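Undergrad: Sharing input.tsv here; it has TSV, N, CA and C atoms.
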chain	number	residue	atom	x	y	z
B	22	MET	N	0.85	-1.19	0.00
B	22	MET	CA	0.00	0.00	0.00
B	22	MET	C	0.89	1.24	0.00
B	23	ASP	N	0.39	2.28	-0.61
B	23	ASP	CA	1.13	3.54	-0.58
B	23	ASP	C	0.37	4.54	0.30
B	24	ALA	N	0.96	5.70	0.49
B	24	ALA	CA	0.39	6.72	1.38
B	24	ALA	C	-1.00	7.15	0.94
B	25	ASN	N	-1.20	7.30	-0.37
B	25	ASN	CA	-2.52	7.73	-0.86
B	25	ASN	C	-3.59	6.69	-0.60
B	26	GLU	N	-3.26	5.42	-0.76
B	26	GLU	CA	-4.23	4.35	-0.49
B	26	GLU	C	-4.61	4.33	0.99
B	27	ILE	N	-3.61	4.49	1.85
B	27	ILE	CA	-3.87	4.51	3.29
B	27	ILE	C	-4.73	5.71	3.65
B	28	LEU	N	-4.39	6.87	3.12
B	28	LEU	CA	-5.15	8.08	3.39
B	28	LEU	C	-6.60	7.94	2.92
B	29	ASP	N	-6.80	7.47	1.71
B	29	ASP	CA	-8.16	7.30	1.19
B	29	ASP	C	-8.97	6.31	2.03
B	30	TYR	N	-8.32	5.23	2.43
B	30	TYR	CA	-9.00	4.22	3.26
B	30	TYR	C	-9.44	4.83	4.59
B	31	CYS	N	-8.56	5.59	5.21
B	31	CYS	CA	-8.87	6.20	6.50
B	31	CYS	C	-9.95	7.27	6.39
B	32	LEU	N	-9.85	8.10	5.36
B	32	LEU	CA	-10.82	9.18	5.19
B	32	LEU	C	-12.23	8.68	4.88
B	33	ALA	N	-12.34	7.43	4.44
B	33	ALA	CA	-13.66	6.85	4.16
B	33	ALA	C	-14.38	6.46	5.45
B	34	LYS	N	-13.67	6.45	6.57
B	34	LYS	CA	-14.27	6.10	7.85
B	34	LYS	C	-14.99	7.31	8.44
B	35	LYS	N	-16.03	7.06	9.21
B	35	LYS	CA	-16.82	8.14	9.81
B	35	LYS	C	-16.01	8.98	10.78
B	36	GLY	N	-16.14	10.30	10.66
B	36	GLY	CA	-15.56	11.22	11.62
B	36	GLY	C	-14.07	11.45	11.50
B	37	VAL	N	-13.44	10.99	10.40
B	37	VAL	CA	-11.99	11.10	10.27
B	37	VAL	C	-11.61	12.42	9.60
B	38	THR	N	-10.61	13.07	10.20
B	38	THR	CA	-10.05	14.29	9.63
B	38	THR	C	-8.54	14.15	9.57
B	39	GLU	N	-7.93	14.92	8.66
B	39	GLU	CA	-6.47	14.92	8.54
B	39	GLU	C	-5.94	16.24	9.04
B	40	THR	N	-4.84	16.17	9.81
B	40	THR	CA	-4.24	17.37	10.37
B	40	THR	C	-2.71	17.25	10.31
B	41	PHE	N	-2.05	18.37	10.52
B	41	PHE	CA	-0.59	18.43	10.62
B	41	PHE	C	-0.22	19.21	11.88
B	42	PRO	N	-0.50	18.65	13.08
B	42	PRO	CA	-0.28	19.40	14.31
B	42	PRO	C	1.19	19.54	14.71
B	43	PHE	N	2.06	18.67	14.22
B	43	PHE	CA	3.46	18.67	14.66
B	43	PHE	C	4.39	19.40	13.70
B	44	ASP	N	4.21	19.17	12.41
B	44	ASP	CA	5.03	19.79	11.38
B	44	ASP	C	4.29	19.63	10.05
B	45	ASN	N	4.91	20.00	8.95
B	45	ASN	CA	4.20	19.94	7.67
B	45	ASN	C	4.43	18.64	6.90
B	46	VAL	N	5.06	17.65	7.53
B	46	VAL	CA	5.28	16.37	6.86
B	46	VAL	C	4.72	15.17	7.62
B	47	THR	N	4.28	15.38	8.86
B	47	THR	CA	3.71	14.28	9.64
B	47	THR	C	2.19	14.41	9.64
B	48	LEU	N	1.56	13.58	8.83
B	48	LEU	CA	0.10	13.58	8.72
B	48	LEU	C	-0.48	12.83	9.90
B	49	VAL	N	-1.43	13.45	10.58
B	49	VAL	CA	-2.12	12.83	11.71
B	49	VAL	C	-3.59	12.69	11.33
B	50	LEU	N	-4.07	11.46	11.41
B	50	LEU	CA	-5.49	11.20	11.14
B	50	LEU	C	-6.19	11.02	12.48
B	51	LYS	N	-7.30	11.71	12.62
B	51	LYS	CA	-8.05	11.68	13.87
B	51	LYS	C	-9.47	11.21	13.62
B	52	VAL	N	-10.01	10.53	14.61
B	52	VAL	CA	-11.44	10.28	14.66
B	52	VAL	C	-11.94	11.20	15.77
B	53	GLY	N	-12.84	12.10	15.39
B	53	GLY	CA	-13.22	13.14	16.33
B	53	GLY	C	-12.00	14.00	16.63
B	54	THR	N	-11.63	14.08	17.89
B	54	THR	CA	-10.47	14.89	18.27
B	54	THR	C	-9.26	14.04	18.66
B	55	LYS	N	-9.35	12.72	18.50
B	55	LYS	CA	-8.28	11.82	18.94
B	55	LYS	C	-7.57	11.17	17.77
B	56	MET	N	-6.25	11.15	17.83
B	56	MET	CA	-5.49	10.57	16.72
B	56	MET	C	-5.50	9.05	16.78
B	57	PHE	N	-5.57	8.45	15.57
B	57	PHE	CA	-5.50	7.00	15.49
B	57	PHE	C	-4.44	6.52	14.51
B	58	LEU	N	-3.88	7.44	13.71
B	58	LEU	CA	-2.82	7.06	12.77
B	58	LEU	C	-1.94	8.26	12.48
B	59	LEU	N	-0.63	8.01	12.47
B	59	LEU	CA	0.34	9.03	12.08
B	59	LEU	C	1.14	8.47	10.92
B	60	MET	N	1.49	9.35	9.97
B	60	MET	CA	2.23	8.90	8.80
B	60	MET	C	3.13	10.04	8.31
B	61	SER	N	4.42	9.73	8.17
B	61	SER	CA	5.35	10.71	7.61
B	61	SER	C	5.22	10.69	6.10
B	62	LEU	N	5.02	11.85	5.51
B	62	LEU	CA	4.87	11.94	4.07
B	62	LEU	C	6.20	12.00	3.33
B	63	GLU	N	7.31	12.17	4.08
B	63	GLU	CA	8.62	12.25	3.45
B	63	GLU	C	9.47	11.01	3.67
B	64	LYS	N	9.27	10.34	4.77
B	64	LYS	CA	10.12	9.21	5.14
B	64	LYS	C	9.86	8.00	4.24
B	65	GLN	N	10.93	7.43	3.75
B	65	GLN	CA	10.85	6.20	2.95
B	65	GLN	C	11.75	5.16	3.56
B	66	PRO	N	11.37	3.91	3.64
B	66	PRO	CA	10.09	3.38	3.19
B	66	PRO	C	8.94	3.88	4.08
B	67	LEU	N	7.75	3.80	3.53
B	67	LEU	CA	6.56	4.30	4.20
B	67	LEU	C	6.34	3.59	5.54
B	68	SER	N	6.07	4.39	6.56
B	68	SER	CA	5.82	3.88	7.90
B	68	SER	C	4.61	4.59	8.48
B	69	ILE	N	3.80	3.85	9.22
B	69	ILE	CA	2.66	4.44	9.92
B	69	ILE	C	2.73	4.06	11.39
B	70	ASN	N	2.16	4.88	12.25
B	70	ASN	CA	1.99	4.56	13.66
B	70	ASN	C	0.52	4.34	13.91
B	71	VAL	N	0.20	3.21	14.54
B	71	VAL	CA	-1.18	2.87	14.84
B	71	VAL	C	-1.30	2.36	16.27
B	72	LYS	N	-2.47	2.56	16.84
B	72	LYS	CA	-2.76	2.05	18.17
B	72	LYS	C	-3.18	0.59	18.01
B	73	THR	N	-2.67	-0.26	18.92
B	73	THR	CA	-2.94	-1.69	18.81
B	73	THR	C	-3.17	-2.27	20.20
B	74	ASP	N	-4.03	-3.25	20.29
B	74	ASP	CA	-4.23	-3.97	21.54
B	74	ASP	C	-2.87	-4.49	22.04
B	75	PRO	N	-2.53	-4.26	23.32
B	75	PRO	CA	-1.21	-4.64	23.82
B	75	PRO	C	-0.85	-6.12	23.61
B	76	GLU	N	-1.81	-7.02	23.80
B	76	GLU	CA	-1.51	-8.45	23.60
B	76	GLU	C	-1.18	-8.74	22.14
B	77	TRP	N	-1.94	-8.15	21.24
B	77	TRP	CA	-1.70	-8.37	19.82
B	77	TRP	C	-0.38	-7.70	19.41
B	78	SER	N	-0.06	-6.56	20.02
B	78	SER	CA	1.20	-5.87	19.73
B	78	SER	C	2.39	-6.80	19.95
B	79	ALA	N	2.40	-7.48	21.08
B	79	ALA	CA	3.51	-8.38	21.39
B	79	ALA	C	3.62	-9.48	20.35
B	80	GLU	N	2.51	-10.03	19.97
B	80	GLU	CA	2.47	-11.09	18.95
B	80	GLU	C	2.96	-10.57	17.60
B	81	LEU	N	2.48	-9.40	17.21
B	81	LEU	CA	2.87	-8.80	15.93
B	81	LEU	C	4.37	-8.54	15.87
B	82	ARG	N	4.91	-8.01	16.96
B	82	ARG	CA	6.34	-7.68	17.00
B	82	ARG	C	7.21	-8.93	16.91
B	83	GLU	N	6.72	-10.03	17.45
B	83	GLU	CA	7.45	-11.30	17.34
B	83	GLU	C	7.42	-11.85	15.93
B	84	GLN	N	6.29	-11.68	15.26
B	84	GLN	CA	6.08	-12.29	13.94
B	84	GLN	C	6.60	-11.44	12.78
B	85	HIS	N	6.64	-10.12	12.95
B	85	HIS	CA	6.95	-9.22	11.84
B	85	HIS	C	8.05	-8.23	12.24
B	86	PRO	N	9.22	-8.31	11.62
B	86	PRO	CA	10.28	-7.36	11.95
B	86	PRO	C	9.92	-5.92	11.54
B	87	GLN	N	8.93	-5.76	10.68
B	87	GLN	CA	8.50	-4.42	10.24
B	87	GLN	C	7.66	-3.70	11.30
B	88	ILE	N	7.28	-4.41	12.37
B	88	ILE	CA	6.41	-3.83	13.40
B	88	ILE	C	7.20	-3.71	14.70
B	89	THR	N	7.32	-2.48	15.19
B	89	THR	CA	8.07	-2.19	16.41
B	89	THR	C	7.29	-1.19	17.26
B	90	GLY	N	7.73	-1.00	18.49
B	90	GLY	CA	7.13	0.02	19.35
B	90	GLY	C	7.32	1.39	18.72
B	91	ALA	N	6.30	2.20	18.76
B	91	ALA	CA	6.33	3.51	18.10
B	91	ALA	C	7.22	4.49	18.85
B	92	PHE	N	8.12	5.12	18.12
B	92	PHE	CA	9.04	6.12	18.63
B	92	PHE	C	8.26	7.31	19.19
B	93	HIS	N	8.64	7.78	20.36
B	93	HIS	CA	8.01	8.94	21.03
B	93	HIS	C	6.56	8.70	21.44
B	94	MET	N	6.14	7.44	21.50
B	94	MET	CA	4.76	7.16	21.90
B	94	MET	C	4.77	6.02	22.91
B	95	ASN	N	3.65	5.78	23.55
B	95	ASN	CA	3.52	4.69	24.50
B	95	ASN	C	3.64	3.37	23.74
B	96	LYS	N	4.75	2.69	23.91
B	96	LYS	CA	5.04	1.48	23.14
B	96	LYS	C	4.16	0.29	23.53
B	97	THR	N	3.47	0.40	24.63
B	97	THR	CA	2.52	-0.65	25.00
B	97	THR	C	1.30	-0.61	24.07
B	98	HIS	N	0.93	0.58	23.65
B	98	HIS	CA	-0.30	0.76	22.88
B	98	HIS	C	-0.09	1.17	21.43
B	99	TRP	N	1.09	1.65	21.09
B	99	TRP	CA	1.32	2.17	19.74
B	99	TRP	C	2.46	1.42	19.06
B	100	ASN	N	2.25	1.11	17.78
B	100	ASN	CA	3.26	0.44	16.97
B	100	ASN	C	3.63	1.28	15.77
B	101	SER	N	4.91	1.22	15.40
B	101	SER	CA	5.36	1.72	14.10
B	101	SER	C	5.32	0.54	13.14
B	102	VAL	N	4.77	0.77	11.98
B	102	VAL	CA	4.59	-0.29	11.00
B	102	VAL	C	5.24	0.14	9.68
B	103	MET	N	6.32	-0.56	9.30
B	103	MET	CA	6.92	-0.35	7.98
B	103	MET	C	6.04	-1.10	6.99
B	104	VAL	N	5.40	-0.40	6.12
B	104	VAL	CA	4.38	-0.97	5.25
B	104	VAL	C	4.96	-1.99	4.25
B	105	ASP	N	6.16	-1.71	3.73
B	105	ASP	CA	6.76	-2.61	2.75
B	105	ASP	C	6.93	-4.02	3.31
B	106	GLY	N	6.50	-5.00	2.55
B	106	GLY	CA	6.67	-6.39	2.95
B	106	GLY	C	5.53	-6.96	3.75
B	107	LEU	N	4.56	-6.13	4.13
B	107	LEU	CA	3.40	-6.62	4.86
B	107	LEU	C	2.21	-6.75	3.91
B	108	LYS	N	1.38	-7.74	4.18
B	108	LYS	CA	0.19	-7.94	3.35
B	108	LYS	C	-0.81	-6.82	3.57
B	109	ARG	N	-1.47	-6.45	2.50
B	109	ARG	CA	-2.48	-5.39	2.53
B	109	ARG	C	-3.53	-5.66	3.61
B	110	ASP	N	-3.98	-6.92	3.70
B	110	ASP	CA	-5.01	-7.26	4.68
B	110	ASP	C	-4.56	-6.97	6.11
B	111	LEU	N	-3.30	-7.23	6.42
B	111	LEU	CA	-2.78	-6.96	7.76
B	111	LEU	C	-2.73	-5.46	8.01
B	112	ILE	N	-2.30	-4.70	7.04
B	112	ILE	CA	-2.24	-3.24	7.18
B	112	ILE	C	-3.65	-2.69	7.44
B	113	LEU	N	-4.61	-3.15	6.68
B	113	LEU	CA	-6.00	-2.70	6.87
B	113	LEU	C	-6.53	-3.11	8.24
B	114	GLN	N	-6.17	-4.30	8.67
B	114	GLN	CA	-6.59	-4.78	9.99
B	114	GLN	C	-6.00	-3.90	11.09
B	115	LEU	N	-4.75	-3.53	10.93
B	115	LEU	CA	-4.10	-2.64	11.91
B	115	LEU	C	-4.77	-1.27	11.94
B	116	ILE	N	-5.08	-0.74	10.78
B	116	ILE	CA	-5.76	0.56	10.70
B	116	ILE	C	-7.14	0.46	11.34
B	117	ASN	N	-7.88	-0.59	11.01
B	117	ASN	CA	-9.23	-0.77	11.55
B	117	ASN	C	-9.19	-0.87	13.08
B	118	GLN	N	-8.25	-1.65	13.61
B	118	GLN	CA	-8.20	-1.79	15.06
B	118	GLN	C	-7.84	-0.47	15.72
B	119	SER	N	-6.91	0.27	15.14
B	119	SER	CA	-6.53	1.55	15.71
B	119	SER	C	-7.74	2.49	15.76
B	120	TYR	N	-8.45	2.57	14.66
B	120	TYR	CA	-9.65	3.41	14.59
B	120	TYR	C	-10.66	2.98	15.67
B	121	GLU	N	-10.92	1.67	15.74
B	121	GLU	CA	-11.92	1.17	16.68
B	121	GLU	C	-11.51	1.38	18.14
B	122	LEU	N	-10.23	1.16	18.46
B	122	LEU	CA	-9.77	1.38	19.83
B	122	LEU	C	-9.95	2.83	20.24
B	123	VAL	N	-9.62	3.74	19.35
B	123	VAL	CA	-9.76	5.16	19.67
B	123	VAL	C	-11.23	5.56	19.73
B	124	PHE	N	-12.01	5.12	18.74
B	124	PHE	CA	-13.44	5.44	18.73
B	124	PHE	C	-14.12	4.92	20.00
B	125	ASN	N	-13.82	3.68	20.37
B	125	ASN	CA	-14.46	3.08	21.54
B	125	ASN	C	-14.05	3.74	22.86
B	126	SER	N	-12.94	4.48	22.87
B	126	SER	CA	-12.50	5.17	24.08
B	126	SER	C	-13.17	6.53	24.25
B	127	MET	N	-13.94	6.93	23.26
B	127	MET	CA	-14.58	8.25	23.29
B	127	MET	C	-15.84	8.22	24.16
B	128	THR	N	-16.29	9.40	24.53
B	128	THR	CA	-17.52	9.49	25.31
B	128	THR	C	-18.70	9.09	24.42
B	129	LYS	N	-19.78	8.72	25.08
B	129	LYS	CA	-21.00	8.33	24.36
B	129	LYS	C	-21.48	9.47	23.46
B	130	LYS	N	-21.41	10.68	23.98
B	130	LYS	CA	-21.85	11.85	23.21
B	130	LYS	C	-20.99	12.04	21.96
B	131	ALA	N	-19.66	11.93	22.13
B	131	ALA	CA	-18.76	12.11	20.98
B	131	ALA	C	-19.00	11.03	19.93
B	132	LYS	N	-19.22	9.78	20.38
B	132	LYS	CA	-19.50	8.68	19.44
B	132	LYS	C	-20.78	8.95	18.67
B	133	GLU	N	-21.81	9.39	19.38
B	133	GLU	CA	-23.10	9.67	18.73
B	133	GLU	C	-22.96	10.78	17.69
B	134	GLU	N	-22.19	11.82	18.01
B	134	GLU	CA	-21.98	12.91	17.06
B	134	GLU	C	-21.32	12.41	15.79
B	135	ILE	N	-20.34	11.52	15.93
B	135	ILE	CA	-19.65	10.98	14.76
B	135	ILE	C	-20.58	10.06	13.97
B	136	GLU	N	-21.28	9.19	14.68
B	136	GLU	CA	-22.18	8.25	13.99
B	136	GLU	C	-23.31	8.96	13.27
B	137	ASN	N	-23.74	10.10	13.78
B	137	ASN	CA	-24.86	10.83	13.18
B	137	ASN	C	-24.41	11.90	12.19
B	138	SER	N	-23.11	12.00	11.94
B	138	SER	CA	-22.64	13.05	11.02
B	138	SER	C	-22.74	12.59	9.57
For this file, produce the structure as structure tokens.
TA:
Amino acid sequence: MDANEILDYCLAKKGVTETFPFDNVTLVLKVGTKMFLLMSLEKQPLSINVKTDPEWSAELREQHPQITGAFHMNKTHWNSVMVDGLKRDLILQLINQSYELVFNSMTKKAKEEIENS
């Protein structure tokens, strides 16, 4: 997958916006006001940071050298994922879980606003 495919996939989800809160090359995708994916638009090979269930994170890191604890983030909950060499289905699964974990952590009111938008 390339950056445009990942961006399009994420933007198709309810309540997702794209921002550049840190600099002009680190794209942050948010559901509501909470980030669920970060992606450097300049760094090659393409890498994304996603939130992942801690148990699955440990398993993923053992199975895939492309998946490591995310730099400057809580490594228990966030992974850096080098996209090259990983199956599309796994990348989409990681994105979906990140979105769902963040969405499910939101207040009932915030969830309803997103679902009804």
Undergrad: Quick one: residues within 8 Å of Tyr120 in chain B, only N, CA and C atoms, excluding same-chain residues fewer than 6 positions away - as a PyMOL selection string?
TA: chain B and resi 51-52+56-58+71-73+114+126
Undergrad: Give me a file of those residues, with N, CA and C atoms, as a PDB file, keeping the file's coordinate frame.
TA:
ATOM      1  N   LYS B  51      -7.300  11.710  12.620  1.00  0.00           N
ATOM      2  CA  LYS B  51      -8.050  11.680  13.870  1.00  0.00           C
ATOM      3  C   LYS B  51      -9.470  11.210  13.620  1.00  0.00           C
ATOM      4  N   VAL B  52     -10.010  10.530  14.610  1.00  0.00           N
ATOM      5  CA  VAL B  52     -11.440  10.280  14.660  1.00  0.00           C
ATOM      6  C   VAL B  52     -11.940  11.200  15.770  1.00  0.00           C
ATOM      7  N   MET B  56      -6.250  11.150  17.830  1.00  0.00           N
ATOM      8  CA  MET B  56      -5.490  10.570  16.720  1.00  0.00           C
ATOM      9  C   MET B  56      -5.500   9.050  16.780  1.00  0.00           C
ATOM     10  N   PHE B  57      -5.570   8.450  15.570  1.00  0.00           N
ATOM     11  CA  PHE B  57      -5.500   7.000  15.490  1.00  0.00           C
ATOM     12  C   PHE B  57      -4.440   6.520  14.510  1.00  0.00           C
ATOM     13  N   LEU B  58      -3.880   7.440  13.710  1.00  0.00           N
ATOM     14  CA  LEU B  58      -2.820   7.060  12.770  1.00  0.00           C
ATOM     15  C   LEU B  58      -1.940   8.260  12.480  1.00  0.00           C
ATOM     16  N   VAL B  71       0.200   3.210  14.540  1.00  0.00           N
ATOM     17  CA  VAL B  71      -1.180   2.870  14.840  1.00  0.00           C
ATOM     18  C   VAL B  71      -1.300   2.360  16.270  1.00  0.00           C
ATOM     19  N   LYS B  72      -2.470   2.560  16.840  1.00  0.00           N
ATOM     20  CA  LYS B  72      -2.760   2.050  18.170  1.00  0.00           C
ATOM     21  C   LYS B  72      -3.180   0.590  18.010  1.00  0.00           C
ATOM     22  N   THR B  73      -2.670  -0.260  18.920  1.00  0.00           N
ATOM     23  CA  THR B  73      -2.940  -1.690  18.810  1.00  0.00           C
ATOM     24  C   THR B  73      -3.170  -2.270  20.200  1.00  0.00           C
ATOM     25  N   GLN B 114      -6.170  -4.300   8.670  1.00  0.00           N
ATOM     26  CA  GLN B 114      -6.590  -4.780   9.990  1.00  0.00           C
ATOM     27  C   GLN B 114      -6.000  -3.900  11.090  1.00  0.00           C
ATOM     28  N   SER B 126     -12.940   4.480  22.870  1.00  0.00           N
ATOM     29  CA  SER B 126     -12.500   5.170  24.080  1.00  0.00           C
ATOM     30  C   SER B 126     -13.170   6.530  24.250  1.00  0.00           C
TER      31      SER B 126
END
Undergrad: Write out as number ranges by chain each polymer residue whose atoms come within 12 Å of range 94-102 of chain B, counting only C-alpha atoms; drop sequence neighbours fewer than 5 positions from it.
TA: B: 22, 56-61, 66-82, 85-89, 107-108, 111-113, 115-116, 118-119, 122-123
Undergrad: What does the distance from CA of Ile135 in chain B to CA of Gly36 in chain B come to in Å, to one decimal?
TA: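 According to the coordinates, CA of Ile135 in chain B and CA of Gly36 in chain B are separated by 5.2 Å.
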Undergrad: Can you work out which one of B:Asn25, B:Gln84, B:Thr128, B:Thr54 has the shortest atom-to-atom distance to Val37 in chain B, counting only C-alpha atoms?
TA: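 For Val37 in chain B, the nearest of the candidates is B:Thr54.
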Undergrad: By how many Å are atom N of Asn125 in chain B and atom N of Val104 in chain B apart?
TA: 24.3 Å
Undergrad: Rounded to one decimal place, report the CA of Phe92 in chain B-atom N of Lys129 in chain B distance in Å.
TA: 29.6 Å
Undergrad: Among chain B, which ones does DSSP place in alpha helix (DSSP H), written as an MDAnalysis selection string?
TA: chainID B and resid 24:32 75:84 109:125 129:136
Undergrad: I need the residues from that last selection saved to file as a tab-separated table (two decimals), in the coordinates of the input (with N, CA and C atoms), if you can.
TA:
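Saved file result-v3.tsv follows:
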chain	number	residue	atom	x	y	z
B	24	ALA	N	0.96	5.70	0.49
B	24	ALA	CA	0.39	6.72	1.38
B	24	ALA	C	-1.00	7.15	0.94
B	25	ASN	N	-1.20	7.30	-0.37
B	25	ASN	CA	-2.52	7.73	-0.86
B	25	ASN	C	-3.59	6.69	-0.60
B	26	GLU	N	-3.26	5.42	-0.76
B	26	GLU	CA	-4.23	4.35	-0.49
B	26	GLU	C	-4.61	4.33	0.99
B	27	ILE	N	-3.61	4.49	1.85
B	27	ILE	CA	-3.87	4.51	3.29
B	27	ILE	C	-4.73	5.71	3.65
B	28	LEU	N	-4.39	6.87	3.12
B	28	LEU	CA	-5.15	8.08	3.39
B	28	LEU	C	-6.60	7.94	2.92
B	29	ASP	N	-6.80	7.47	1.71
B	29	ASP	CA	-8.16	7.30	1.19
B	29	ASP	C	-8.97	6.31	2.03
B	30	TYR	N	-8.32	5.23	2.43
B	30	TYR	CA	-9.00	4.22	3.26
B	30	TYR	C	-9.44	4.83	4.59
B	31	CYS	N	-8.56	5.59	5.21
B	31	CYS	CA	-8.87	6.20	6.50
B	31	CYS	C	-9.95	7.27	6.39
B	32	LEU	N	-9.85	8.10	5.36
B	32	LEU	CA	-10.82	9.18	5.19
B	32	LEU	C	-12.23	8.68	4.88
B	75	PRO	N	-2.53	-4.26	23.32
B	75	PRO	CA	-1.21	-4.64	23.82
B	75	PRO	C	-0.85	-6.12	23.61
B	76	GLU	N	-1.81	-7.02	23.80
B	76	GLU	CA	-1.51	-8.45	23.60
B	76	GLU	C	-1.18	-8.74	22.14
B	77	TRP	N	-1.94	-8.15	21.24
B	77	TRP	CA	-1.70	-8.37	19.82
B	77	TRP	C	-0.38	-7.70	19.41
B	78	SER	N	-0.06	-6.56	20.02
B	78	SER	CA	1.20	-5.87	19.73
B	78	SER	C	2.39	-6.80	19.95
B	79	ALA	N	2.40	-7.48	21.08
B	79	ALA	CA	3.51	-8.38	21.39
B	79	ALA	C	3.62	-9.48	20.35
B	80	GLU	N	2.51	-10.03	19.97
B	80	GLU	CA	2.47	-11.09	18.95
B	80	GLU	C	2.96	-10.57	17.60
B	81	LEU	N	2.48	-9.40	17.21
B	81	LEU	CA	2.87	-8.80	15.93
B	81	LEU	C	4.37	-8.54	15.87
B	82	ARG	N	4.91	-8.01	16.96
B	82	ARG	CA	6.34	-7.68	17.00
B	82	ARG	C	7.21	-8.93	16.91
B	83	GLU	N	6.72	-10.03	17.45
B	83	GLU	CA	7.45	-11.30	17.34
B	83	GLU	C	7.42	-11.85	15.93
B	84	GLN	N	6.29	-11.68	15.26
B	84	GLN	CA	6.08	-12.29	13.94
B	84	GLN	C	6.60	-11.44	12.78
B	109	ARG	N	-1.47	-6.45	2.50
B	109	ARG	CA	-2.48	-5.39	2.53
B	109	ARG	C	-3.53	-5.66	3.61
B	110	ASP	N	-3.98	-6.92	3.70
B	110	ASP	CA	-5.01	-7.26	4.68
B	110	ASP	C	-4.56	-6.97	6.11
B	111	LEU	N	-3.30	-7.23	6.42
B	111	LEU	CA	-2.78	-6.96	7.76
B	111	LEU	C	-2.73	-5.46	8.01
B	112	ILE	N	-2.30	-4.70	7.04
B	112	ILE	CA	-2.24	-3.24	7.18
B	112	ILE	C	-3.65	-2.69	7.44
B	113	LEU	N	-4.61	-3.15	6.68
B	113	LEU	CA	-6.00	-2.70	6.87
B	113	LEU	C	-6.53	-3.11	8.24
B	114	GLN	N	-6.17	-4.30	8.67
B	114	GLN	CA	-6.59	-4.78	9.99
B	114	GLN	C	-6.00	-3.90	11.09
B	115	LEU	N	-4.75	-3.53	10.93
B	115	LEU	CA	-4.10	-2.64	11.91
B	115	LEU	C	-4.77	-1.27	11.94
B	116	ILE	N	-5.08	-0.74	10.78
B	116	ILE	CA	-5.76	0.56	10.70
B	116	ILE	C	-7.14	0.46	11.34
B	117	ASN	N	-7.88	-0.59	11.01
B	117	ASN	CA	-9.23	-0.77	11.55
B	117	ASN	C	-9.19	-0.87	13.08
B	118	GLN	N	-8.25	-1.65	13.61
B	118	GLN	CA	-8.20	-1.79	15.06
B	118	GLN	C	-7.84	-0.47	15.72
B	119	SER	N	-6.91	0.27	15.14
B	119	SER	CA	-6.53	1.55	15.71
B	119	SER	C	-7.74	2.49	15.76
B	120	TYR	N	-8.45	2.57	14.66
B	120	TYR	CA	-9.65	3.41	14.59
B	120	TYR	C	-10.66	2.98	15.67
B	121	GLU	N	-10.92	1.67	15.74
B	121	GLU	CA	-11.92	1.17	16.68
B	121	GLU	C	-11.51	1.38	18.14
B	122	LEU	N	-10.23	1.16	18.46
B	122	LEU	CA	-9.77	1.38	19.83
B	122	LEU	C	-9.95	2.83	20.24
B	123	VAL	N	-9.62	3.74	19.35
B	123	VAL	CA	-9.76	5.16	19.67
B	123	VAL	C	-11.23	5.56	19.73
B	124	PHE	N	-12.01	5.12	18.74
B	124	PHE	CA	-13.44	5.44	18.73
B	124	PHE	C	-14.12	4.92	20.00
B	125	ASN	N	-13.82	3.68	20.37
B	125	ASN	CA	-14.46	3.08	21.54
B	125	ASN	C	-14.05	3.74	22.86
B	129	LYS	N	-19.78	8.72	25.08
B	129	LYS	CA	-21.00	8.33	24.36
B	129	LYS	C	-21.48	9.47	23.46
B	130	LYS	N	-21.41	10.68	23.98
B	130	LYS	CA	-21.85	11.85	23.21
B	130	LYS	C	-20.99	12.04	21.96
B	131	ALA	N	-19.66	11.93	22.13
B	131	ALA	CA	-18.76	12.11	20.98
B	131	ALA	C	-19.00	11.03	19.93
B	132	LYS	N	-19.22	9.78	20.38
B	132	LYS	CA	-19.50	8.68	19.44
B	132	LYS	C	-20.78	8.95	18.67
B	133	GLU	N	-21.81	9.39	19.38
B	133	GLU	CA	-23.10	9.67	18.73
B	133	GLU	C	-22.96	10.78	17.69
B	134	GLU	N	-22.19	11.82	18.01
B	134	GLU	CA	-21.98	12.91	17.06
B	134	GLU	C	-21.32	12.41	15.79
B	135	ILE	N	-20.34	11.52	15.93
B	135	ILE	CA	-19.65	10.98	14.76
B	135	ILE	C	-20.58	10.06	13.97
B	136	GLU	N	-21.28	9.19	14.68
B	136	GLU	CA	-22.18	8.25	13.99
B	136	GLU	C	-23.31	8.96	13.27
Undergrad: Excluding Glu136 in chain B and residues on its chain fewer than 5 positions from it, collect all residues at most 8 Å away from it, counting all atoms listed in the file, and give them as a PyMOL selection string.
TA: chain B and resi 35-36+130-131
Undergrad: Closest to Leu62 in chain B among B:Ala33, B:Glu121, B:Phe41, B:Leu48, using all atoms listed in the file?
TA: B:Leu48
Undergrad: Can you tell me, as AutoDock Vina command-line options, the centre and edge lengths (Å, one decimal) of the axis-aligned box enclosing all of range 124-127 of chain B's listed atoms after padding each side by 5 Å?
TA:
--center_x -13.9 --center_y 5.7 --center_z 21.5 --size_x 13.8 --size_y 15.2 --size_z 15.5
